[in-house]
Amino acid sequence: MTGQQVIVRRARAEDLPGLVASSEGLFAEDGGTRDSSVNIHWPREHGAQSFAAALEDPTRLVLAVEHDGRVVGHLMGSVTGPTAKRTVTSATLISIYVRPEHRRARAGDRLVEEFLDWARRQGAEHAEVTAYAANTDAIRFYERGGFAAMTVTLRQPL
């Protein structure tokens, strides 16, 4: 699959079912396999309203990856600040997913590039993303894109 076979674009309201399906893929492949506290049904139960609200929010970005008229991936990001605690404007890549059969088309790279360009236009001074420590593929992907580890979250089951 080549990069020309997928389109990365701003998501629209008619993309909601595809965005939810993409989010379901993310939860099933990532959070659901790495964190037992994640509600893997969240996208089905709340995804449509979450994406719909994000589409209307100027501090959020929702991108869709389209192939043959079908949504096969997404990115959601936000920009916040500055605040009294964090004195710069910050962009957060909230979620990203591309169906496995479309990953070689560089769709993920293109999503992140679009997100970073958008974040710069919003005045963000840095961008951040969270990945599960066990998801070494995602960590390598983000590091190739210029992200570097800043914090580590440690968890203890009780």
# chains A, B, ... in the order shown; residues from 1 in each chain; ligands from 1
>>> residues_around(residues="range 15-18 of chain A", least_positions_apart="4", cutoff="9 Å", atoms="only C-alpha atoms", output="list in words")
Ala11, Ser22, Ser23, Gly47, Ala48, Gln49, Phe51, Ala52, Ala64, Arg70, Val71, Val72, Gly73 and His74 of chain A
>>> select_by_dssp(residues="chain A", states="strand (DSSP E)", output="ChimeraX atom specification")
/A:7-10,60-67,70-80,90-98,126-129
>>> residues_around(residues="Leu111 in chain A", least_positions_apart="5", cutoff="12 Å", atoms="only C-alpha atoms", output="ChimeraX atom specification")
/A:3,6-11,61-66,73-77,93,95-98,103,105-106,116-118,142,145
>>> closest_residue(among="A:Gln5, A:Asp137, A:Met150, A:Val88", to="Gly69 in chain A", atoms="only C-alpha atoms")
A:Gln5
>>> select_by_dssp(residues="range 28-158 of chain A", states="alpha helix (DSSP H)", output="JSON, numbers by chain")
{"A": [32, 33, 34, 42, 48, 49, 50, 51, 52, 53, 54, 55, 56, 107, 108, 109, 110, 111, 112, 113, 114, 115, 116, 117, 118, 119, 120, 121, 136, 137, 138, 139, 140, 141, 142, 143, 144]}
>>> atom_distance(atom1="CA of Glu143 in chain A", atom2="CA of Val112 in chain A")
11.7 Å
>>> residues_around(residues="His126 in chain A", least_positions_apart="6", cutoff="8 Å", atoms="only C-alpha atoms", output="list in words")
Thr89, Ser90 and Ala91 of chain A
>>> atom_distance(atom1="CA of Glu56 in chain A", atom2="CA of Val20 in chain A")
16.3 Å
>>> closest_residue(among="A:His46, A:Arg86, A:Phe115, A:Asp30", to="Arg60 in chain A", atoms="only C-alpha atoms")
A:Phe115
>>> residues_around(residues="Asp35 in chain A", least_positions_apart="2", cutoff="12 Å", atoms="only C-alpha atoms", output="PyMOL selection string")
chain A and resi 27-33+37-40+131-135+155+157
>>> write_last_selection(atoms="N, CA and C atoms", output="mmCIF file, in the first residue's frame")
data_model
loop_
_atom_site.group_PDB
_atom_site.id
_atom_site.type_symbol
_atom_site.label_atom_id
_atom_site.label_comp_id
_atom_site.auth_asym_id
_atom_site.auth_seq_id
_atom_site.Cartn_x
_atom_site.Cartn_y
_atom_site.Cartn_z
ATOM 1 N N PHE A 27 -8.517 0.652 21.360
ATOM 2 C CA PHE A 27 -8.761 0.091 22.689
ATOM 3 C C PHE A 27 -8.515 -1.416 22.700
ATOM 4 N N ALA A 28 -8.933 -2.108 21.653
ATOM 5 C CA ALA A 28 -8.760 -3.560 21.607
ATOM 6 C C ALA A 28 -7.293 -3.940 21.473
ATOM 7 N N GLU A 29 -6.548 -3.192 20.686
ATOM 8 C CA GLU A 29 -5.154 -3.536 20.414
ATOM 9 C C GLU A 29 -4.192 -3.022 21.475
ATOM 10 N N ASP A 30 -4.476 -1.880 22.057
ATOM 11 C CA ASP A 30 -3.504 -1.241 22.939
ATOM 12 C C ASP A 30 -3.956 -1.296 24.399
ATOM 13 N N GLY A 31 -4.825 -0.389 24.805
ATOM 14 C CA GLY A 31 -5.229 -0.306 26.200
ATOM 15 C C GLY A 31 -5.844 -1.573 26.737
ATOM 16 N N GLY A 32 -6.679 -2.215 25.960
ATOM 17 C CA GLY A 32 -7.352 -3.421 26.416
ATOM 18 C C GLY A 32 -6.418 -4.583 26.664
ATOM 19 N N THR A 33 -5.280 -4.600 25.988
ATOM 20 C CA THR A 33 -4.322 -5.692 26.177
ATOM 21 C C THR A 33 -3.249 -5.350 27.197
ATOM 22 N N SER A 37 -7.507 -2.005 33.764
ATOM 23 C CA SER A 37 -8.440 -1.006 34.287
ATOM 24 C C SER A 37 -9.132 -0.216 33.180
ATOM 25 N N VAL A 38 -8.756 -0.442 31.932
ATOM 26 C CA VAL A 38 -9.361 0.266 30.798
ATOM 27 C C VAL A 38 -10.673 -0.410 30.413
ATOM 28 N N ASN A 39 -11.722 0.382 30.287
ATOM 29 C CA ASN A 39 -13.018 -0.108 29.830
ATOM 30 C C ASN A 39 -12.965 -0.219 28.311
ATOM 31 N N ILE A 40 -12.780 -1.423 27.804
ATOM 32 C CA ILE A 40 -12.641 -1.596 26.361
ATOM 33 C C ILE A 40 -13.923 -1.284 25.602
ATOM 34 N N ALA A 131 2.291 6.852 26.029
ATOM 35 C CA ALA A 131 2.252 5.494 25.482
ATOM 36 C C ALA A 131 2.492 4.511 26.615
ATOM 37 N N TYR A 132 1.886 3.347 26.504
ATOM 38 C CA TYR A 132 2.154 2.303 27.486
ATOM 39 C C TYR A 132 3.612 1.876 27.368
ATOM 40 N N ALA A 133 4.273 1.690 28.515
ATOM 41 C CA ALA A 133 5.678 1.285 28.526
ATOM 42 C C ALA A 133 5.879 -0.027 27.771
ATOM 43 N N ALA A 134 4.906 -0.910 27.816
ATOM 44 C CA ALA A 134 5.012 -2.198 27.135
ATOM 45 C C ALA A 134 4.788 -2.095 25.627
ATOM 46 N N ASN A 135 4.331 -0.953 25.156
ATOM 47 C CA ASN A 135 4.078 -0.774 23.724
ATOM 48 C C ASN A 135 5.335 -0.206 23.061
ATOM 49 N N ARG A 155 3.032 2.509 38.527
ATOM 50 C CA ARG A 155 1.755 2.104 39.093
ATOM 51 C C ARG A 155 1.961 0.871 39.967
ATOM 52 N N PRO A 157 -0.459 -2.037 41.762
ATOM 53 C CA PRO A 157 -1.811 -2.567 42.015
ATOM 54 C C PRO A 157 -2.055 -2.687 43.516
#
>>> atom_distance(atom1="CA of Thr130 in chain A", atom2="CA of Pro100 in chain A")
20.0 Å
>>> closest_residue(among="A:Glu114, A:Ala54, A:Arg144, A:Thr92", to="Val129 in chain A", atoms="only C-alpha atoms")
A:Thr92
>>> decode(residues="range 126-141 of chain A", atoms="all heavy atoms", output="compact mmCIF listing (two decimals), in the first residue's frame")
# COMPACT_ATOMS: atom_id res chain seq x y z
N HIS A 126 5.32 23.08 22.87
CA HIS A 126 5.74 21.68 22.84
C HIS A 126 4.52 20.79 22.66
O HIS A 126 3.39 21.23 22.84
CB HIS A 126 6.56 21.29 24.09
CG HIS A 126 5.80 21.29 25.36
ND1 HIS A 126 6.04 22.19 26.36
CD2 HIS A 126 4.80 20.50 25.82
CE1 HIS A 126 5.22 21.96 27.37
NE2 HIS A 126 4.46 20.95 27.07
N ALA A 127 4.80 19.56 22.28
CA ALA A 127 3.75 18.57 22.10
C ALA A 127 4.12 17.34 22.91
O ALA A 127 5.30 17.04 23.11
CB ALA A 127 3.60 18.19 20.63
N GLU A 128 3.09 16.65 23.40
CA GLU A 128 3.34 15.46 24.20
C GLU A 128 2.35 14.37 23.85
O GLU A 128 1.28 14.63 23.31
CB GLU A 128 3.28 15.79 25.69
CG GLU A 128 1.97 16.39 26.13
CD GLU A 128 2.04 17.00 27.53
OE1 GLU A 128 3.13 17.35 27.99
OE2 GLU A 128 0.97 17.13 28.14
N VAL A 129 2.76 13.14 24.16
CA VAL A 129 1.94 11.98 23.92
C VAL A 129 2.27 10.96 25.01
O VAL A 129 3.39 10.94 25.52
CB VAL A 129 2.17 11.39 22.51
CG1 VAL A 129 3.60 10.90 22.32
CG2 VAL A 129 1.17 10.28 22.19
N THR A 130 1.29 10.16 25.38
CA THR A 130 1.49 9.11 26.36
C THR A 130 1.38 7.76 25.67
O THR A 130 0.51 7.57 24.82
CB THR A 130 0.41 9.20 27.47
OG1 THR A 130 0.49 10.49 28.07
CG2 THR A 130 0.62 8.14 28.53
N ALA A 131 2.29 6.85 26.03
CA ALA A 131 2.25 5.49 25.48
C ALA A 131 2.49 4.51 26.62
O ALA A 131 3.20 4.82 27.58
CB ALA A 131 3.32 5.32 24.41
N TYR A 132 1.89 3.35 26.50
CA TYR A 132 2.15 2.30 27.49
C TYR A 132 3.61 1.88 27.37
O TYR A 132 4.12 1.68 26.26
CB TYR A 132 1.24 1.09 27.26
CG TYR A 132 -0.18 1.34 27.68
CD1 TYR A 132 -1.16 1.59 26.74
CD2 TYR A 132 -0.53 1.34 29.03
CE1 TYR A 132 -2.47 1.84 27.13
CE2 TYR A 132 -1.83 1.59 29.42
CZ TYR A 132 -2.80 1.84 28.46
OH TYR A 132 -4.08 2.09 28.85
N ALA A 133 4.27 1.69 28.51
CA ALA A 133 5.68 1.29 28.53
C ALA A 133 5.88 -0.03 27.77
O ALA A 133 6.91 -0.22 27.12
CB ALA A 133 6.18 1.17 29.96
N ALA A 134 4.91 -0.91 27.82
CA ALA A 134 5.01 -2.20 27.14
C ALA A 134 4.79 -2.09 25.63
O ALA A 134 5.06 -3.04 24.89
CB ALA A 134 4.01 -3.19 27.73
N ASN A 135 4.33 -0.95 25.16
CA ASN A 135 4.08 -0.77 23.72
C ASN A 135 5.33 -0.21 23.06
O ASN A 135 5.39 0.96 22.68
CB ASN A 135 2.87 0.14 23.50
CG ASN A 135 2.40 0.10 22.06
OD1 ASN A 135 3.12 -0.34 21.17
ND2 ASN A 135 1.19 0.58 21.83
N THR A 136 6.32 -1.06 22.93
CA THR A 136 7.62 -0.61 22.39
C THR A 136 7.51 -0.13 20.94
O THR A 136 8.24 0.77 20.55
CB THR A 136 8.68 -1.72 22.52
OG1 THR A 136 8.20 -2.89 21.88
CG2 THR A 136 8.97 -2.02 23.99
N ASP A 137 6.59 -0.70 20.17
CA ASP A 137 6.41 -0.24 18.79
C ASP A 137 5.93 1.21 18.77
O ASP A 137 6.42 2.02 17.98
CB ASP A 137 5.41 -1.12 18.03
CG ASP A 137 5.95 -2.50 17.72
OD1 ASP A 137 7.19 -2.69 17.76
OD2 ASP A 137 5.13 -3.40 17.44
N ALA A 138 4.98 1.55 19.63
CA ALA A 138 4.48 2.93 19.68
C ALA A 138 5.58 3.87 20.16
O ALA A 138 5.74 4.97 19.61
CB ALA A 138 3.27 3.02 20.61
N ILE A 139 6.33 3.46 21.16
CA ILE A 139 7.40 4.31 21.67
C ILE A 139 8.42 4.58 20.57
O ILE A 139 8.85 5.73 20.35
CB ILE A 139 8.04 3.70 22.93
CG1 ILE A 139 7.01 3.72 24.07
CG2 ILE A 139 9.32 4.44 23.31
CD1 ILE A 139 7.41 2.90 25.28
N ARG A 140 8.82 3.55 19.83
CA ARG A 140 9.77 3.75 18.70
C ARG A 140 9.16 4.69 17.66
O ARG A 140 9.84 5.55 17.12
CB ARG A 140 10.14 2.42 18.07
CG ARG A 140 11.26 1.70 18.79
CD ARG A 140 11.84 0.56 17.94
NE ARG A 140 10.85 -0.44 17.57
CZ ARG A 140 10.51 -1.48 18.32
NH1 ARG A 140 11.08 -1.66 19.49
NH2 ARG A 140 9.61 -2.33 17.90
N PHE A 141 7.88 4.50 17.35
CA PHE A 141 7.20 5.35 16.38
C PHE A 141 7.27 6.82 16.81
O PHE A 141 7.64 7.70 16.03
CB PHE A 141 5.74 4.90 16.23
CG PHE A 141 4.88 5.84 15.44
CD1 PHE A 141 4.95 5.89 14.06
CD2 PHE A 141 3.98 6.68 16.09
CE1 PHE A 141 4.15 6.76 13.34
CE2 PHE A 141 3.18 7.55 15.37
CZ PHE A 141 3.26 7.59 14.00
